[in-house]
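Visitor: Just coords.csv, nothing more (CSV, C-alpha atoms):
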```csv
chain,number,residue,atom,x,y,z
N,1,MET,CA,99.8,3.3,180.1
N,2,ILE,CA,98.1,1.3,177.3
N,3,PRO,CA,99.8,-2.0,176.5
N,4,ASP,CA,101.6,-2.2,173.1
N,5,ARG,CA,99.2,-5.0,172.2
N,6,ASP,CA,96.2,-2.7,172.5
N,7,ILE,CA,98.0,0.1,170.6
N,8,TYR,CA,98.6,-2.3,167.7
N,9,GLN,CA,95.0,-3.5,167.8
N,10,ILE,CA,93.8,0.1,167.5
N,11,ALA,CA,96.3,0.8,164.7
N,12,ILE,CA,95.1,-2.3,162.7
N,13,ALA,CA,91.5,-1.2,163.2
N,14,MET,CA,92.3,2.4,162.1
N,15,LEU,CA,94.0,1.0,159.0
N,16,HIS,CA,91.0,-1.1,158.1
N,17,ARG,CA,88.5,1.6,158.8
N,18,TYR,CA,90.3,4.6,157.2
N,19,GLY,CA,92.8,3.0,154.8
N,20,ALA,CA,95.3,5.4,153.3
N,21,SER,CA,93.8,8.3,155.4
N,22,ALA,CA,94.4,6.5,158.8
N,23,SER,CA,97.8,8.3,159.4
N,24,THR,CA,96.3,11.7,158.6
N,25,TYR,CA,93.4,11.1,161.0
N,26,ALA,CA,95.8,10.0,163.8
N,27,GLU,CA,98.0,13.1,163.2
N,28,LEU,CA,95.0,15.4,163.3
N,29,GLU,CA,93.7,13.8,166.5
N,30,ALA,CA,97.2,14.0,168.1
N,31,GLU,CA,97.5,17.7,167.2
N,32,LYS,CA,94.0,18.5,168.6
N,33,LEU,CA,94.9,16.8,171.9
N,34,LEU,CA,98.2,18.6,172.1
N,35,ASP,CA,96.4,22.0,171.5
N,36,GLU,CA,94.0,21.1,174.3
N,37,GLY,CA,97.0,20.4,176.6
N,38,ASN,CA,96.2,16.7,177.0
N,39,GLU,CA,99.7,15.3,176.8
N,40,GLY,CA,98.8,11.8,177.9
N,41,LYS,CA,96.3,11.2,175.1
N,42,PHE,CA,98.6,13.0,172.7
N,43,ARG,CA,101.3,10.5,173.4
N,44,THR,CA,98.8,7.6,173.0
N,45,TRP,CA,97.9,8.9,169.5
N,46,LEU,CA,101.6,9.2,168.7
N,47,ARG,CA,102.1,5.6,169.7
N,48,ILE,CA,99.1,4.6,167.5
N,49,LEU,CA,100.6,6.5,164.6
N,50,LEU,CA,104.0,4.9,165.0
N,51,ALA,CA,102.4,1.5,165.1
N,52,MET,CA,100.5,2.2,161.9
N,53,GLU,CA,103.7,3.2,160.2
N,54,GLN,CA,105.4,0.0,161.4
N,55,LEU,CA,102.6,-2.2,160.2
N,56,GLN,CA,102.7,-0.6,156.8
N,57,GLU,CA,106.4,-1.2,156.5
N,58,VAL,CA,106.2,-4.9,156.9
N,59,PRO,CA,106.9,-6.6,153.6
N,60,PRO,CA,104.6,-9.3,152.4
N,61,SER,CA,105.5,-12.9,153.1
N,62,PRO,CA,107.2,-14.7,150.2
N,63,THR,CA,105.0,-17.0,148.2
N,64,LEU,CA,106.1,-20.7,148.3
N,65,HIS,CA,106.2,-22.4,144.9
```
Can I see the file as structure tokens?

Guide:
Amino acid sequence: MIPDRDIYQIAIAMLHRYGASASTYAELEAEKLLDEGNEGKFRTWLRILLAMEQLQEVPPSPTLH
């Protein structure tokens, strides 16, 4: 199993590379792997997708005045 730290590093890299399309790319990759019967890699892409969603939910830090 891939450590959570690595999953989040991949998620961050995906967001930087693909921007708003990152989630769509991850969903398509997961679907492809599921269709191929590769459940292990499918679950990995689901974890990456969830990590991207969590990273995008984090509110910005408040600005100190």

Visitor: Residues within 8 Å of stretch 11-22 of chain N, please, as JSON, numbers by chain. Count all atoms listed in the file; anything in the same chain fewer than 2 positions from it doesn't count.

Guide: {"N": [7, 8, 9, 24, 25, 26, 48, 49, 51, 52, 55]}

Visitor: Restrict the selected residues to C-alpha atoms and save them as an mmCIF file, keeping the file's coordinate frame.

Guide:
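The result, written out as result_39.cif:
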```
data_model
loop_
_atom_site.group_PDB
_atom_site.id
_atom_site.type_symbol
_atom_site.label_atom_id
_atom_site.label_comp_id
_atom_site.auth_asym_id
_atom_site.auth_seq_id
_atom_site.Cartn_x
_atom_site.Cartn_y
_atom_site.Cartn_z
ATOM 1 C CA ILE N 7 98.000 0.100 170.600
ATOM 2 C CA TYR N 8 98.600 -2.300 167.700
ATOM 3 C CA GLN N 9 95.000 -3.500 167.800
ATOM 4 C CA THR N 24 96.300 11.700 158.600
ATOM 5 C CA TYR N 25 93.400 11.100 161.000
ATOM 6 C CA ALA N 26 95.800 10.000 163.800
ATOM 7 C CA ILE N 48 99.100 4.600 167.500
ATOM 8 C CA LEU N 49 100.600 6.500 164.600
ATOM 9 C CA ALA N 51 102.400 1.500 165.100
ATOM 10 C CA MET N 52 100.500 2.200 161.900
ATOM 11 C CA LEU N 55 102.600 -2.200 160.200
#
```

Visitor: Determine, counting all atoms listed in the file, which protein, DNA and RNA residues have an atom within 10 Å of an atom of N:Glu29; residues of the same chain fewer than 3 positions away are not included. Present the result as a VMD selection string.

Guide: chain N and resid 23 to 26 32 to 35 41 to 42 45 to 46

Visitor: Write the residues of the selection above to a file with C-alpha atoms, as an mmCIF file, in the coordinates of the input.

Guide:
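Below you can see selection-v3.cif, which holds the result:
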```cif
data_model
loop_
_atom_site.group_PDB
_atom_site.id
_atom_site.type_symbol
_atom_site.label_atom_id
_atom_site.label_comp_id
_atom_site.auth_asym_id
_atom_site.auth_seq_id
_atom_site.Cartn_x
_atom_site.Cartn_y
_atom_site.Cartn_z
ATOM 1 C CA SER N 23 97.800 8.300 159.400
ATOM 2 C CA THR N 24 96.300 11.700 158.600
ATOM 3 C CA TYR N 25 93.400 11.100 161.000
ATOM 4 C CA ALA N 26 95.800 10.000 163.800
ATOM 5 C CA LYS N 32 94.000 18.500 168.600
ATOM 6 C CA LEU N 33 94.900 16.800 171.900
ATOM 7 C CA LEU N 34 98.200 18.600 172.100
ATOM 8 C CA ASP N 35 96.400 22.000 171.500
ATOM 9 C CA LYS N 41 96.300 11.200 175.100
ATOM 10 C CA PHE N 42 98.600 13.000 172.700
ATOM 11 C CA TRP N 45 97.900 8.900 169.500
ATOM 12 C CA LEU N 46 101.600 9.200 168.700
#
```

Visitor: Just how far from atom CA of N:Arg43 is atom CA of N:Leu28, in Å to one decimal?

Guide: 12.9 Å

Visitor: Could you work out how far atom CA of N:Asp6 lies from atom CA of N:Ser61, giving the answer in Å with one decimal?

Guide: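 If I compute the distance from atom CA of N:Ser61 to atom CA of N:Asp6, I get 23.8 Å.
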
Visitor: What is the distance between atom CA of N:Pro3 and atom CA of N:Glu39, in Å to one decimal?

Guide: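 Between atom CA of N:Pro3 and atom CA of N:Glu39 the gap is 17.3 Å.
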
Visitor: Kindly add N, CA and C atoms to the incomplete stretch 1-35 of chain N and provide the output as a short mmCIF file (atom, residue, chain, number, x, y, z; two decimals), in the coordinates of the input.

Guide:
```cif
data_model
loop_
_atom_site.label_atom_id
_atom_site.label_comp_id
_atom_site.auth_asym_id
_atom_site.auth_seq_id
_atom_site.Cartn_x
_atom_site.Cartn_y
_atom_site.Cartn_z
N MET N 1 99.31 3.37 181.45
CA MET N 1 99.80 3.30 180.10
C MET N 1 99.11 2.13 179.37
N ILE N 2 98.76 2.36 178.14
CA ILE N 2 98.10 1.30 177.30
C ILE N 2 99.12 0.34 176.83
N PRO N 3 98.87 -0.96 176.99
CA PRO N 3 99.80 -2.00 176.50
C PRO N 3 100.03 -1.91 175.01
N ASP N 4 101.24 -2.26 174.57
CA ASP N 4 101.60 -2.20 173.10
C ASP N 4 100.58 -3.07 172.33
N ARG N 5 100.16 -4.19 172.87
CA ARG N 5 99.20 -5.00 172.20
C ARG N 5 97.94 -4.28 171.80
N ASP N 6 97.43 -3.51 172.75
CA ASP N 6 96.20 -2.70 172.50
C ASP N 6 96.48 -1.61 171.48
N ILE N 7 97.65 -0.99 171.55
CA ILE N 7 98.00 0.10 170.60
C ILE N 7 98.00 -0.52 169.18
N TYR N 8 98.59 -1.71 169.00
CA TYR N 8 98.60 -2.30 167.70
C TYR N 8 97.23 -2.76 167.21
N GLN N 9 96.39 -3.19 168.13
CA GLN N 9 95.00 -3.50 167.80
C GLN N 9 94.26 -2.30 167.27
N ILE N 10 94.47 -1.18 167.94
CA ILE N 10 93.80 0.10 167.50
C ILE N 10 94.39 0.49 166.16
N ALA N 11 95.70 0.38 165.98
CA ALA N 11 96.30 0.80 164.70
C ALA N 11 95.78 -0.08 163.56
N ILE N 12 95.63 -1.37 163.78
CA ILE N 12 95.10 -2.30 162.70
C ILE N 12 93.64 -1.87 162.42
N ALA N 13 92.87 -1.59 163.45
CA ALA N 13 91.50 -1.20 163.20
C ALA N 13 91.41 0.14 162.47
N MET N 14 92.29 1.07 162.79
CA MET N 14 92.30 2.40 162.10
C MET N 14 92.67 2.15 160.62
N LEU N 15 93.64 1.30 160.34
CA LEU N 15 94.00 1.00 159.00
C LEU N 15 92.90 0.40 158.17
N HIS N 16 92.18 -0.50 158.81
CA HIS N 16 91.00 -1.10 158.10
C HIS N 16 89.92 -0.14 157.88
N ARG N 17 89.67 0.71 158.86
CA ARG N 17 88.50 1.60 158.80
C ARG N 17 88.84 2.82 157.82
N TYR N 18 90.03 3.40 157.95
CA TYR N 18 90.30 4.60 157.20
C TYR N 18 91.29 4.45 156.04
N GLY N 19 91.87 3.27 155.90
CA GLY N 19 92.80 3.00 154.80
C GLY N 19 93.92 3.98 154.72
N ALA N 20 94.16 4.54 153.54
CA ALA N 20 95.30 5.40 153.30
C ALA N 20 95.18 6.72 154.14
N SER N 21 93.99 7.05 154.63
CA SER N 21 93.80 8.30 155.40
C SER N 21 94.01 8.06 156.92
N ALA N 22 94.32 6.85 157.34
CA ALA N 22 94.40 6.50 158.80
C ALA N 22 95.52 7.38 159.45
N SER N 23 96.67 7.51 158.81
CA SER N 23 97.80 8.30 159.40
C SER N 23 97.38 9.76 159.55
N THR N 24 96.72 10.29 158.54
CA THR N 24 96.30 11.70 158.60
C THR N 24 95.30 11.89 159.73
N TYR N 25 94.36 10.97 159.88
CA TYR N 25 93.40 11.10 161.00
C TYR N 25 94.11 11.04 162.32
N ALA N 26 95.06 10.14 162.49
CA ALA N 26 95.80 10.00 163.80
C ALA N 26 96.59 11.31 164.03
N GLU N 27 97.22 11.86 163.00
CA GLU N 27 98.00 13.10 163.20
C GLU N 27 97.08 14.25 163.60
N LEU N 28 95.93 14.37 162.97
CA LEU N 28 95.00 15.40 163.30
C LEU N 28 94.48 15.28 164.76
N GLU N 29 94.20 14.04 165.13
CA GLU N 29 93.70 13.80 166.50
C GLU N 29 94.81 14.12 167.52
N ALA N 30 96.05 13.74 167.22
CA ALA N 30 97.20 14.00 168.10
C ALA N 30 97.36 15.54 168.26
N GLU N 31 97.32 16.26 167.16
CA GLU N 31 97.50 17.70 167.20
C GLU N 31 96.38 18.38 168.01
N LYS N 32 95.15 17.91 167.84
CA LYS N 32 94.00 18.50 168.60
C LYS N 32 94.24 18.29 170.09
N LEU N 33 94.67 17.09 170.48
CA LEU N 33 94.90 16.80 171.90
C LEU N 33 96.04 17.63 172.46
N LEU N 34 97.09 17.82 171.66
CA LEU N 34 98.20 18.60 172.10
C LEU N 34 97.76 20.08 172.30
N ASP N 35 96.96 20.59 171.36
CA ASP N 35 96.40 22.00 171.50
C ASP N 35 95.58 22.11 172.73
#
```
